[in-house]
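So the structure is just underneath, and the comments pick up after that.
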Amino acid sequence: MRAFYAMLNTELKLTSRNFIYMFFNFVFPPMLLLLFGSMYGNQPDEFYGGFGAVDVLTPSYMPMIIAVAGLMGLPLQLAMYRHYKILKRYRASPIGAGTIMWPHFIINCLLCIVGIVLLITIGILVFDLRFMGDAFQFCVALLLSILAIFSLGFMIAAVAPNNRTATLVANLLYFPMLFLSGSTLPRELLPEALVTVSQVFPLTHSVTVLQGIWLGGSLGDYTLELAVLAGFTIICSAISVKMFRWE
Amino acid sequence: MAITVMDLTVRYKELLAVDSISFSVAQGEIFGIIGPNGAGKTSTIECLEGLRKATSGEIRVLGIDPTQRRELYQHIGVQLQEASYPPSIKVEELCQLFSSFYSKPLAYQGLLDRFELGDKKRARIEDLSGGQRQKVSIILALLGDPQILFLDELTTGLDPQSRKDMWQMIKSLRQEGKTIFMTTHYMEEAEYLCDRVCMMVEGKIAALGSVEDLVAQMGTGQTITFTTLDDVNELEQVPGVSRVEVNENSVQVIGHGQNFLKDLVVWLTNNQVNFDNLTSKKSNLEDVFLKFTGARMEELQ
């Protein structure tokens with residue numbers, strides 16, 4: 001256990017030294033909220049289905065934070081650690097595989113949660129953000145979103161033959177997801193064909209569920225979306241565990 | 001025996017990297033594998049370290065099967081070829097982290113002082129020189145107070161002074177009773193450090209023994225070099241010559257026999273060859289390698 005805490009503590013310090021991750025987890029999402037919040041305000045609006053723009057945008061930015069940590073942070077870190085044989089060096093010691101891997105998962109989870117709390121805090125302080133759903137159900141949906149996206153990220157790290165491929169695949173998934181999932185652009189603005197395409201991304205379903213529950217829906221209204229997220233979690237984790245190589 | 005290896009074979013798809021080799025290493029000796037790139041050195045050492053699966057064969061390291069990785073690493077320490085550490089990590093943080101891996105770690109402060117890195121504790125790993133980084137690798141390998149230390153091309157890429165420092169360190173570790181298993185592709189390193197040398201070429205052991213024994217097997221071998229502008233094509237007629245190399249006006253002749261030097265000089269004089277800068281030296285490990293493999297190490301790189 002001592003090795004596990006030491007590893008967690010070390011990785012936490014290293015992450016805090018990584019400016020890019022800190023920026024995209026903690027600074028960029030609130031910046032977007034401040035920008036669009038100040039443009040559209042938080043008054044009920046027909047375009048946003050009778051809700052305030054900030055009430056609708058805030059939950060939709062959360063999957064973006066999850067994707068930064070789970071789809072960029074996690075796989076690129078692991079691919080880099082493998083490429084530079086850092087994982088191999090850890091294997092050449094008496095510690096177990098879990099002590100090497102779990103801290104990466106836990107820290108990226110932590111980054112997500114802190115980023116989301118920060119976003120909500122700014123929404124409340126600046127725009128009188130309203131939460132209309134059930135907190136427990138919202139947390140369940142959030143957790144499932146994190147698991148689905150992180151599993152996909154882990155799969156990229158496991159399947160990519162090298163550092164460069166991992167970076168390429170992560171980018172190729174991350175950016176289309178960001179713009180097509182409804183996380184940054186409202187899906188209503190997209191052409192019909194792209195809306196259909198966006199259904200293959202787990203992020204799209206995460207946006208739908210989180211936005212829906214935030215605005216007063218319940219888990220029961222989103223069984224399809226939740227099933228898709230659960231499916232991604234199970235399939236991607238299974239492939240990752242099967243395919244993962246230490247070097 | 002600290003290490004025993006029986007019929008170790010490692011195959012990667014079509015490539016036979018290690019071809020049924022056997023050897024054993026005694027407690028307290030410095031055992032070195034030497035050979036060109038691709039000879040199977042790293043595959044062999046990584047099987048002993050439990051980092052690579054042998055295709056077949058049996059290995060025991062301190063009586064432990066290396067696939068029992070976590071048990072094995074309570075007793076051994078390794079320095080990996082080309083391994084690096086997380087970016088922006090500080091030397092002290094690395095030492096603390098690796099100390100936490102062992103139940104009774106040595107005090108890292110003492111090791112840092114011993115390796116003259118006491119004032120580098122707060123330095124980031126990427127700001128160290130190559131020699132300093134290799135010292136950190138050794139410190140991390142020593143933290144668990146291992147009985148056997150595995151060093152894979154420890155001095156590759158180091159400047160001559162850092163290499164000499166490393167050699168002193170390795171000798172002093174052996175004096176403390178540690179067994180050292182190392183790979184290298186520097187002949188002079190193996191010659192200076194190793195109690196026994198195992199020469200590997202294309203996955204096989206070409207020769208194995210102490211440096212003195214291997215050199216003695218060469219007979220009274222000698223390497224004679226001189227410069228000349230004249231034709232020496234028929235030099236091979238001289239009794240005892242085993243190899244002649246002509247490089248522009250410099251000639252190297254390898255041979256053996258009690259009168260080898262005298263016979264050669266007589267032949268040169270009789271054939272009216274004008275020669276200069278003649279030197280003669282006794283055979284060394286380089287010549288042993290040449291004899292057993294038919295090629296120089298550089299030719300095989």
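Quick note on naming: the chains in the structure tokens go A, B, ... in the order shown, residues restart at 1 in each chain, and ligands are numbered from 1 in order of appearance.
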Exercise. Check every residue of chain B for an atom within 9 Å of chain A, counting only C-alpha atoms, and provide those that qualify as a PyMOL selection string.
Key: chain B and resi 49-51+69-74+76-80+82-89+93-94+96-102+141
Kindly export the residues of the current selection with N, CA and C atoms, as a JSON list (two decimals), in the first residue's frame.
[["chain", "number", "residue", "atom", "x", "y", "z"],
["B", 49, "GLU", "N", 15.86, -11.20, -15.85],
["B", 49, "GLU", "CA", 15.19, -10.18, -15.05],
["B", 49, "GLU", "C", 13.68, -10.38, -14.98],
["B", 50, "GLY", "N", 13.18, -11.41, -15.66],
["B", 50, "GLY", "CA", 11.74, -11.67, -15.64],
["B", 50, "GLY", "C", 10.94, -10.70, -16.48],
["B", 51, "LEU", "N", 11.59, -9.91, -17.34],
["B", 51, "LEU", "CA", 10.88, -8.93, -18.15],
["B", 51, "LEU", "C", 10.50, -9.48, -19.52],
["B", 69, "ARG", "N", 8.00, -12.60, -10.78],
["B", 69, "ARG", "CA", 8.63, -11.29, -10.83],
["B", 69, "ARG", "C", 8.70, -10.58, -9.47],
["B", 70, "ARG", "N", 7.58, -10.56, -8.76],
["B", 70, "ARG", "CA", 7.54, -9.75, -7.54],
["B", 70, "ARG", "C", 8.43, -10.33, -6.45],
["B", 71, "GLU", "N", 8.56, -11.64, -6.41],
["B", 71, "GLU", "CA", 9.45, -12.25, -5.42],
["B", 71, "GLU", "C", 10.91, -12.00, -5.82],
["B", 72, "LEU", "N", 11.17, -12.17, -7.13],
["B", 72, "LEU", "CA", 12.53, -11.99, -7.65],
["B", 72, "LEU", "C", 13.08, -10.61, -7.30],
["B", 73, "TYR", "N", 12.22, -9.57, -7.48],
["B", 73, "TYR", "CA", 12.71, -8.20, -7.32],
["B", 73, "TYR", "C", 12.93, -7.78, -5.88],
["B", 74, "GLN", "N", 12.62, -8.67, -4.91],
["B", 74, "GLN", "CA", 13.04, -8.39, -3.54],
["B", 74, "GLN", "C", 14.54, -8.61, -3.41],
["B", 76, "ILE", "N", 16.89, -8.66, -6.39],
["B", 76, "ILE", "CA", 17.76, -8.18, -7.47],
["B", 76, "ILE", "C", 17.47, -6.71, -7.75],
["B", 77, "GLY", "N", 18.46, -6.05, -8.36],
["B", 77, "GLY", "CA", 18.26, -4.67, -8.80],
["B", 77, "GLY", "C", 18.68, -4.59, -10.25],
["B", 78, "VAL", "N", 18.00, -3.77, -11.05],
["B", 78, "VAL", "CA", 18.36, -3.72, -12.46],
["B", 78, "VAL", "C", 18.53, -2.29, -12.96],
["B", 79, "GLN", "N", 19.42, -2.17, -13.92],
["B", 79, "GLN", "CA", 19.53, -0.95, -14.71],
["B", 79, "GLN", "C", 19.18, -1.39, -16.13],
["B", 80, "LEU", "N", 18.16, -0.77, -16.72],
["B", 80, "LEU", "CA", 17.71, -1.19, -18.05],
["B", 80, "LEU", "C", 18.37, -0.33, -19.12],
["B", 82, "GLU", "N", 18.36, 2.03, -22.03],
["B", 82, "GLU", "CA", 17.43, 3.02, -22.62],
["B", 82, "GLU", "C", 16.19, 3.32, -21.78],
["B", 83, "ALA", "N", 16.11, 2.84, -20.55],
["B", 83, "ALA", "CA", 14.92, 3.18, -19.77],
["B", 83, "ALA", "C", 15.01, 4.63, -19.35],
["B", 84, "SER", "N", 13.86, 5.31, -19.25],
["B", 84, "SER", "CA", 13.92, 6.67, -18.75],
["B", 84, "SER", "C", 12.89, 6.84, -17.64],
["B", 85, "TYR", "N", 12.74, 8.04, -17.17],
["B", 85, "TYR", "CA", 11.90, 8.32, -16.01],
["B", 85, "TYR", "C", 10.88, 9.38, -16.39],
["B", 86, "PRO", "N", 9.80, 9.50, -15.61],
["B", 86, "PRO", "CA", 8.77, 10.47, -16.00],
["B", 86, "PRO", "C", 9.35, 11.88, -16.16],
["B", 87, "PRO", "N", 8.92, 12.61, -17.19],
["B", 87, "PRO", "CA", 9.46, 13.95, -17.40],
["B", 87, "PRO", "C", 9.17, 14.84, -16.20],
["B", 88, "SER", "N", 10.09, 15.71, -15.92],
["B", 88, "SER", "CA", 10.04, 16.75, -14.87],
["B", 88, "SER", "C", 10.08, 16.18, -13.45],
["B", 89, "ILE", "N", 10.37, 14.89, -13.30],
["B", 89, "ILE", "CA", 10.50, 14.35, -11.94],
["B", 89, "ILE", "C", 11.88, 14.75, -11.39],
["B", 93, "GLU", "N", 12.58, 12.91, -5.63],
["B", 93, "GLU", "CA", 11.25, 12.30, -5.76],
["B", 93, "GLU", "C", 11.35, 10.87, -6.30],
["B", 94, "LEU", "N", 12.26, 10.68, -7.26],
["B", 94, "LEU", "CA", 12.47, 9.33, -7.81],
["B", 94, "LEU", "C", 12.97, 8.39, -6.72],
["B", 96, "GLN", "N", 12.60, 8.67, -3.46],
["B", 96, "GLN", "CA", 11.52, 8.40, -2.49],
["B", 96, "GLN", "C", 10.54, 7.38, -3.05],
["B", 97, "LEU", "N", 10.18, 7.58, -4.33],
["B", 97, "LEU", "CA", 9.23, 6.67, -4.95],
["B", 97, "LEU", "C", 9.76, 5.24, -4.95],
["B", 98, "PHE", "N", 10.99, 5.07, -5.45],
["B", 98, "PHE", "CA", 11.53, 3.72, -5.54],
["B", 98, "PHE", "C", 11.81, 3.12, -4.16],
["B", 99, "SER", "N", 12.11, 3.96, -3.16],
["B", 99, "SER", "CA", 12.29, 3.45, -1.80],
["B", 99, "SER", "C", 11.00, 2.80, -1.30],
["B", 100, "SER", "N", 9.86, 3.39, -1.70],
["B", 100, "SER", "CA", 8.57, 2.89, -1.21],
["B", 100, "SER", "C", 8.26, 1.50, -1.77],
["B", 101, "PHE", "N", 9.00, 1.07, -2.79],
["B", 101, "PHE", "CA", 8.73, -0.24, -3.40],
["B", 101, "PHE", "C", 9.26, -1.39, -2.54],
["B", 102, "TYR", "N", 10.20, -1.08, -1.63],
["B", 102, "TYR", "CA", 10.88, -2.15, -0.88],
["B", 102, "TYR", "C", 10.53, -2.08, 0.60],
["B", 141, "ALA", "N", 18.62, 1.04, -8.60],
["B", 141, "ALA", "CA", 18.77, -0.42, -8.61],
["B", 141, "ALA", "C", 19.28, -0.93, -7.26]]
Quiz prompt | Test item: residues at most 10 Å from Met72 in chain A, only C-alpha atoms, excluding those fewer than 5 positions along its chain, as a PyMOL selection string | solution = chain A and resi 21+66-67+77+150+153+156+166-167+169-171+173-174
Quick one: write out the picked residues with N, CA and C atoms as a compact mmCIF listing (two decimals), in the first residue's frame?
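For reference, part-v4.txt as written:
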# COMPACT_ATOMS: atom_id res chain seq x y z
N TYR A 21 -2.34 20.18 -19.40
CA TYR A 21 -3.46 19.44 -18.81
C TYR A 21 -4.23 20.34 -17.85
N ILE A 66 -14.41 15.64 -19.33
CA ILE A 66 -14.14 14.20 -19.21
C ILE A 66 -13.28 13.73 -20.38
N ALA A 67 -13.59 14.25 -21.59
CA ALA A 67 -12.85 13.82 -22.77
C ALA A 67 -11.40 14.30 -22.74
N GLN A 77 -0.54 9.89 -21.81
CA GLN A 77 0.39 9.64 -20.72
C GLN A 77 0.88 8.19 -20.76
N PHE A 150 -13.16 7.01 -20.31
CA PHE A 150 -11.84 6.56 -19.85
C PHE A 150 -11.51 5.18 -20.43
N GLY A 153 -10.34 5.71 -23.84
CA GLY A 153 -8.97 6.24 -23.79
C GLY A 153 -7.95 5.15 -23.49
N ILE A 156 -7.28 3.07 -26.48
CA ILE A 156 -6.35 3.69 -27.43
C ILE A 156 -4.92 3.39 -27.00
N ALA A 166 -0.87 6.62 -31.05
CA ALA A 166 -1.79 6.93 -29.95
C ALA A 166 -2.20 8.41 -30.02
N THR A 167 -1.24 9.29 -30.25
CA THR A 167 -1.53 10.71 -30.33
C THR A 167 -2.47 11.00 -31.49
N VAL A 169 -4.60 8.89 -33.07
CA VAL A 169 -5.94 8.33 -32.86
C VAL A 169 -6.71 9.15 -31.82
N ALA A 170 -6.02 9.54 -30.75
CA ALA A 170 -6.68 10.32 -29.70
C ALA A 170 -7.21 11.63 -30.28
N ASN A 171 -6.38 12.29 -31.10
CA ASN A 171 -6.82 13.55 -31.72
C ASN A 171 -7.96 13.34 -32.70
N LEU A 173 -10.22 11.15 -32.64
CA LEU A 173 -11.47 10.89 -31.94
C LEU A 173 -11.95 12.12 -31.17
N TYR A 174 -10.98 12.80 -30.54
CA TYR A 174 -11.32 13.88 -29.62
C TYR A 174 -11.98 15.06 -30.34
Apply DSSP to the backbone of this structure and, from range 120-289 of chain B, keep only the residues in strand (DSSP E or B); write these as a PDB file with C-alpha atoms, in the first residue's frame.
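Contents of states06.pdb, freshly written:
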ATOM      1  CA  ARG B 124      15.013  17.434 -12.577  1.00  0.00           C
ATOM      2  CA  ILE B 148      22.506  -9.404  -7.697  1.00  0.00           C
ATOM      3  CA  LEU B 149      22.803  -6.283  -9.810  1.00  0.00           C
ATOM      4  CA  PHE B 150      21.924  -6.464 -13.526  1.00  0.00           C
ATOM      5  CA  LEU B 151      23.518  -3.819 -15.724  1.00  0.00           C
ATOM      6  CA  ASP B 152      22.544  -3.652 -19.402  1.00  0.00           C
ATOM      7  CA  THR B 179      27.070 -10.413  -7.775  1.00  0.00           C
ATOM      8  CA  ILE B 180      27.077  -8.378 -10.975  1.00  0.00           C
ATOM      9  CA  PHE B 181      25.653  -9.550 -14.279  1.00  0.00           C
ATOM     10  CA  MET B 182      26.372  -7.133 -17.082  1.00  0.00           C
ATOM     11  CA  THR B 183      26.262  -6.771 -20.843  1.00  0.00           C
ATOM     12  CA  THR B 184      28.568  -4.556 -22.838  1.00  0.00           C
ATOM     13  CA  ARG B 196      34.307 -14.218 -16.540  1.00  0.00           C
ATOM     14  CA  VAL B 197      33.252 -13.229 -20.012  1.00  0.00           C
ATOM     15  CA  CYS B 198      30.612 -14.847 -22.208  1.00  0.00           C
ATOM     16  CA  MET B 199      30.969 -13.963 -25.892  1.00  0.00           C
ATOM     17  CA  MET B 200      27.723 -14.067 -27.787  1.00  0.00           C
ATOM     18  CA  VAL B 201      27.258 -13.958 -31.551  1.00  0.00           C
ATOM     19  CA  LYS B 204      24.965 -18.478 -29.452  1.00  0.00           C
ATOM     20  CA  ILE B 205      27.834 -18.542 -26.979  1.00  0.00           C
ATOM     21  CA  ALA B 206      31.070 -18.327 -28.969  1.00  0.00           C
ATOM     22  CA  ALA B 207      33.387 -18.490 -25.964  1.00  0.00           C
ATOM     23  CA  LEU B 208      33.090 -18.430 -22.191  1.00  0.00           C
ATOM     24  CA  GLY B 209      35.714 -18.149 -19.479  1.00  0.00           C
ATOM     25  CA  GLY B 221      49.325 -14.852 -29.605  1.00  0.00           C
ATOM     26  CA  GLN B 222      50.679 -11.546 -30.867  1.00  0.00           C
ATOM     27  CA  THR B 223      49.501  -8.652 -32.932  1.00  0.00           C
ATOM     28  CA  ILE B 224      52.226  -6.900 -34.918  1.00  0.00           C
ATOM     29  CA  THR B 225      51.626  -3.675 -36.780  1.00  0.00           C
ATOM     30  CA  PHE B 226      53.943  -1.663 -39.009  1.00  0.00           C
ATOM     31  CA  THR B 227      53.809   0.772 -41.902  1.00  0.00           C
ATOM     32  CA  THR B 228      55.227   0.178 -45.342  1.00  0.00           C
ATOM     33  CA  VAL B 241      50.566 -16.008 -39.322  1.00  0.00           C
ATOM     34  CA  SER B 242      46.821 -16.403 -38.894  1.00  0.00           C
ATOM     35  CA  ARG B 243      45.558 -13.155 -40.349  1.00  0.00           C
ATOM     36  CA  VAL B 244      46.884 -10.177 -42.305  1.00  0.00           C
ATOM     37  CA  GLU B 245      45.077  -6.891 -42.675  1.00  0.00           C
ATOM     38  CA  VAL B 246      46.357  -4.165 -44.995  1.00  0.00           C
ATOM     39  CA  ASN B 247      44.883  -0.712 -44.686  1.00  0.00           C
ATOM     40  CA  SER B 250      49.469   0.242 -42.431  1.00  0.00           C
ATOM     41  CA  VAL B 251      49.715  -3.510 -41.957  1.00  0.00           C
ATOM     42  CA  GLN B 252      48.444  -5.602 -39.077  1.00  0.00           C
ATOM     43  CA  VAL B 253      49.538  -9.204 -38.683  1.00  0.00           C
ATOM     44  CA  ILE B 254      48.096 -11.576 -36.129  1.00  0.00           C
ATOM     45  CA  GLY B 255      49.846 -14.814 -35.354  1.00  0.00           C
ATOM     46  CA  HIS B 256      51.413 -16.954 -32.723  1.00  0.00           C
ATOM     47  CA  PHE B 275      59.052  -1.004 -42.803  1.00  0.00           C
ATOM     48  CA  ASP B 276      58.678   1.517 -40.014  1.00  0.00           C
ATOM     49  CA  ASN B 277      56.734   2.071 -36.745  1.00  0.00           C
ATOM     50  CA  LEU B 278      56.741  -1.604 -35.897  1.00  0.00           C
ATOM     51  CA  THR B 279      54.936  -2.477 -32.677  1.00  0.00           C
ATOM     52  CA  SER B 280      54.044  -5.793 -31.154  1.00  0.00           C
ATOM     53  CA  LYS B 281      51.507  -6.526 -28.463  1.00  0.00           C
ATOM     54  CA  LYS B 282      50.203  -9.627 -26.781  1.00  0.00           C
TER      55      LYS B 282
END
Exercise. Find the residues near Pro30 in chain A: any atom within 12 Å, counting only C-alpha atoms, skip ones fewer than 3 places away on the same chain, and give them as a VMD selection string.
Key: chain A and resid 23 to 27 33 to 38 54 57 to 59 61 to 62 64 to 65 114 to 127
Would you mind exporting C-alpha atoms of the selected residues as a PDB file, in the first residue's frame?
ATOM      1  CA  PHE A  23      -5.239  24.539 -18.631  1.00  0.00           C
ATOM      2  CA  PHE A  24      -7.645  22.300 -20.564  1.00  0.00           C
ATOM      3  CA  ASN A  25      -9.155  20.777 -17.417  1.00  0.00           C
ATOM      4  CA  PHE A  26      -9.471  23.837 -15.223  1.00  0.00           C
ATOM      5  CA  VAL A  27      -9.197  27.024 -17.291  1.00  0.00           C
ATOM      6  CA  LEU A  33     -18.785  29.345 -20.157  1.00  0.00           C
ATOM      7  CA  LEU A  34     -17.832  32.940 -19.393  1.00  0.00           C
ATOM      8  CA  LEU A  35     -17.656  33.756 -23.102  1.00  0.00           C
ATOM      9  CA  PHE A  36     -20.985  32.227 -24.170  1.00  0.00           C
ATOM     10  CA  GLY A  37     -22.678  33.075 -20.868  1.00  0.00           C
ATOM     11  CA  SER A  38     -21.870  36.725 -21.337  1.00  0.00           C
ATOM     12  CA  VAL A  54     -26.022  28.787 -19.172  1.00  0.00           C
ATOM     13  CA  LEU A  57     -24.392  24.840 -21.729  1.00  0.00           C
ATOM     14  CA  THR A  58     -22.917  24.007 -18.308  1.00  0.00           C
ATOM     15  CA  PRO A  59     -23.830  20.281 -18.286  1.00  0.00           C
ATOM     16  CA  TYR A  61     -19.297  21.227 -21.180  1.00  0.00           C
ATOM     17  CA  MET A  62     -18.826  18.482 -18.599  1.00  0.00           C
ATOM     18  CA  MET A  64     -15.690  17.940 -22.774  1.00  0.00           C
ATOM     19  CA  ILE A  65     -13.781  17.978 -19.476  1.00  0.00           C
ATOM     20  CA  VAL A 114     -12.311  19.222  -9.830  1.00  0.00           C
ATOM     21  CA  GLY A 115     -12.775  20.723 -13.317  1.00  0.00           C
ATOM     22  CA  ILE A 116     -16.519  20.071 -13.185  1.00  0.00           C
ATOM     23  CA  VAL A 117     -16.893  21.490  -9.673  1.00  0.00           C
ATOM     24  CA  LEU A 118     -14.960  24.570 -10.790  1.00  0.00           C
ATOM     25  CA  LEU A 119     -17.254  24.990 -13.811  1.00  0.00           C
ATOM     26  CA  ILE A 120     -20.398  24.691 -11.668  1.00  0.00           C
ATOM     27  CA  THR A 121     -19.023  27.135  -9.099  1.00  0.00           C
ATOM     28  CA  ILE A 122     -18.331  29.759 -11.745  1.00  0.00           C
ATOM     29  CA  GLY A 123     -21.765  29.157 -13.290  1.00  0.00           C
ATOM     30  CA  ILE A 124     -23.457  29.767  -9.939  1.00  0.00           C
ATOM     31  CA  LEU A 125     -21.359  32.774  -8.980  1.00  0.00           C
ATOM     32  CA  VAL A 126     -21.495  34.574 -12.335  1.00  0.00           C
ATOM     33  CA  PHE A 127     -24.758  33.478 -14.006  1.00  0.00           C
TER      34      PHE A 127
END
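Look at Leu143 in chain B: the protein and nucleic acid residues within 7 Å of it, using only C-alpha atoms and passing over chain neighbours fewer than 6 places away, are Ser99, Pro105, Leu106 and Tyr108 of chain B.
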As a tab-separated table (two decimals) with N, CA and C atoms, in the first residue's frame, please: every residue in range 129-262 of chain B that a backbone DSSP assignment puts in alpha helix (DSSP H).
chain	number	residue	atom	x	y	z
B	130	GLY	N	24.39	12.66	-19.00
B	130	GLY	CA	24.20	11.22	-19.23
B	130	GLY	C	24.83	10.38	-18.13
B	131	GLY	N	26.03	10.78	-17.69
B	131	GLY	CA	26.72	10.03	-16.64
B	131	GLY	C	25.96	10.10	-15.32
B	132	GLN	N	25.44	11.29	-15.01
B	132	GLN	CA	24.68	11.45	-13.76
B	132	GLN	C	23.40	10.64	-13.80
B	133	ARG	N	22.76	10.61	-14.97
B	133	ARG	CA	21.52	9.83	-15.10
B	133	ARG	C	21.78	8.34	-14.87
B	134	GLN	N	22.93	7.87	-15.40
B	134	GLN	CA	23.26	6.46	-15.20
B	134	GLN	C	23.54	6.18	-13.73
B	135	LYS	N	24.13	7.18	-13.04
B	135	LYS	CA	24.34	7.00	-11.60
B	135	LYS	C	23.00	6.88	-10.89
B	136	VAL	N	22.03	7.69	-11.28
B	136	VAL	CA	20.70	7.60	-10.68
B	136	VAL	C	20.12	6.20	-10.93
B	137	SER	N	20.32	5.68	-12.15
B	137	SER	CA	19.83	4.33	-12.47
B	137	SER	C	20.41	3.30	-11.51
B	138	ILE	N	21.71	3.46	-11.22
B	138	ILE	CA	22.34	2.49	-10.30
B	138	ILE	C	21.81	2.68	-8.89
B	139	ILE	N	21.65	3.93	-8.47
B	139	ILE	CA	21.12	4.18	-7.12
B	139	ILE	C	19.75	3.51	-6.98
B	140	LEU	N	18.89	3.70	-7.97
B	140	LEU	CA	17.55	3.11	-7.89
B	140	LEU	C	17.63	1.57	-7.87
B	141	ALA	N	18.62	1.04	-8.60
B	141	ALA	CA	18.77	-0.42	-8.61
B	141	ALA	C	19.28	-0.93	-7.26
B	142	LEU	N	20.00	-0.06	-6.53
B	142	LEU	CA	20.61	-0.49	-5.26
B	142	LEU	C	19.69	-0.28	-4.06
B	160	PRO	N	34.62	9.13	-21.73
B	160	PRO	CA	35.61	8.22	-21.15
B	160	PRO	C	35.76	8.38	-19.63
B	161	GLN	N	35.72	9.61	-19.13
B	161	GLN	CA	35.91	9.82	-17.70
B	161	GLN	C	34.74	9.20	-16.90
B	162	SER	N	33.51	9.45	-17.34
B	162	SER	CA	32.34	8.87	-16.65
B	162	SER	C	32.41	7.36	-16.69
B	163	ARG	N	32.90	6.82	-17.81
B	163	ARG	CA	33.01	5.37	-17.93
B	163	ARG	C	33.98	4.82	-16.89
B	164	LYS	N	35.13	5.50	-16.75
B	164	LYS	CA	36.12	5.05	-15.75
B	164	LYS	C	35.52	5.13	-14.35
B	165	ASP	N	34.76	6.20	-14.06
B	165	ASP	CA	34.13	6.33	-12.74
B	165	ASP	C	33.19	5.14	-12.48
B	166	MET	N	32.42	4.80	-13.52
B	166	MET	CA	31.48	3.69	-13.38
B	166	MET	C	32.22	2.38	-13.09
B	167	TRP	N	33.34	2.20	-13.77
B	167	TRP	CA	34.12	0.97	-13.57
B	167	TRP	C	34.55	0.86	-12.10
B	168	GLN	N	35.02	1.99	-11.53
B	168	GLN	CA	35.44	1.96	-10.12
B	168	GLN	C	34.26	1.59	-9.24
B	169	MET	N	33.09	2.17	-9.55
B	169	MET	CA	31.89	1.90	-8.76
B	169	MET	C	31.53	0.41	-8.79
B	170	ILE	N	31.60	-0.15	-9.99
B	170	ILE	CA	31.21	-1.56	-10.13
B	170	ILE	C	32.17	-2.44	-9.35
B	171	LYS	N	33.48	-2.11	-9.43
B	171	LYS	CA	34.46	-2.89	-8.67
B	171	LYS	C	34.18	-2.80	-7.17
B	172	SER	N	33.85	-1.59	-6.71
B	172	SER	CA	33.64	-1.44	-5.27
B	172	SER	C	32.36	-2.17	-4.84
B	173	LEU	N	31.35	-2.24	-5.72
B	173	LEU	CA	30.13	-2.98	-5.38
B	173	LEU	C	30.42	-4.47	-5.27
B	174	ARG	N	31.30	-4.95	-6.14
B	174	ARG	CA	31.66	-6.36	-6.07
B	174	ARG	C	32.38	-6.66	-4.76
B	175	GLN	N	33.26	-5.71	-4.34
B	175	GLN	CA	33.98	-5.91	-3.08
B	175	GLN	C	33.02	-6.02	-1.90
B	187	MET	N	35.07	-4.07	-25.49
B	187	MET	CA	36.04	-5.09	-25.11
B	187	MET	C	36.82	-4.69	-23.88
B	188	GLU	N	37.30	-3.42	-23.87
B	188	GLU	CA	38.18	-3.03	-22.76
B	188	GLU	C	37.41	-3.01	-21.44
B	189	GLU	N	36.09	-2.79	-21.53
B	189	GLU	CA	35.27	-2.80	-20.32
B	189	GLU	C	35.18	-4.22	-19.75
B	190	ALA	N	34.91	-5.18	-20.64
B	190	ALA	CA	34.82	-6.57	-20.20
B	190	ALA	C	36.17	-7.03	-19.65
B	191	GLU	N	37.23	-6.62	-20.35
B	191	GLU	CA	38.57	-7.03	-19.96
B	191	GLU	C	38.92	-6.50	-18.57
B	192	TYR	N	38.54	-5.25	-18.31
B	192	TYR	CA	38.89	-4.61	-17.06
B	192	TYR	C	38.03	-5.11	-15.90
B	193	LEU	N	36.72	-5.31	-16.16
B	193	LEU	CA	35.79	-5.57	-15.06
B	193	LEU	C	35.50	-7.05	-14.79
B	211	VAL	N	39.07	-13.90	-18.55
B	211	VAL	CA	39.83	-13.22	-19.59
B	211	VAL	C	41.18	-13.92	-19.79
B	212	GLU	N	41.85	-14.26	-18.67
B	212	GLU	CA	43.16	-14.91	-18.77
B	212	GLU	C	43.06	-16.25	-19.51
B	213	ASP	N	42.05	-17.04	-19.15
B	213	ASP	CA	41.90	-18.35	-19.79
B	213	ASP	C	41.64	-18.19	-21.28
B	214	LEU	N	40.78	-17.27	-21.61
B	214	LEU	CA	40.43	-17.10	-23.02
B	214	LEU	C	41.65	-16.66	-23.82
B	215	VAL	N	42.42	-15.73	-23.24
B	215	VAL	CA	43.60	-15.25	-23.94
B	215	VAL	C	44.65	-16.37	-24.03
B	216	ALA	N	44.76	-17.17	-22.95
B	216	ALA	CA	45.73	-18.26	-22.94
B	216	ALA	C	45.41	-19.27	-24.04
B	260	PHE	N	57.67	-15.88	-33.65
B	260	PHE	CA	56.81	-15.21	-34.61
B	260	PHE	C	57.35	-13.83	-35.01
B	261	LEU	N	57.69	-13.04	-33.99
B	261	LEU	CA	58.18	-11.68	-34.27
B	261	LEU	C	59.48	-11.74	-35.07
B	262	LYS	N	60.38	-12.61	-34.62
B	262	LYS	CA	61.70	-12.71	-35.28
B	262	LYS	C	61.53	-13.19	-36.73
Self-check item: Shell around Asp19 in chain B at 9 Å using only C-alpha atoms, local window under 2 positions removed, as a PyMOL selection string
Solution: chain B and resi 7-11+16-17+21+40+202-205
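Take the candidates B:Ile45, B:Ala39, B:Arg52, B:Ile30 and check each one against Arg245 in chain A using only C-alpha atoms; the shortest distance goes to B:Arg52.
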Exercise. Show which residues sit within 7 Å of range 135-147 of chain A, as an MDAnalysis selection string. Count only C-alpha atoms, and ignore same-chain residues fewer than 5 positions away.
Key: chainID A and resid 66 206 209:210 213:214 218:219 229:230 233
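Within the 12 Å cut-off around Val195 in chain A, using only C-alpha atoms and omitting residues fewer than 4 positions from it on the same chain, the listed residues are Pro176, Met177, Phe179, Leu180, Ser181, Gly182, Leu185, Pro186, Arg187, Glu188, Leu189, Leu190, Pro191, Gln199, Val200, Phe201, Thr204 and His205 of chain A.
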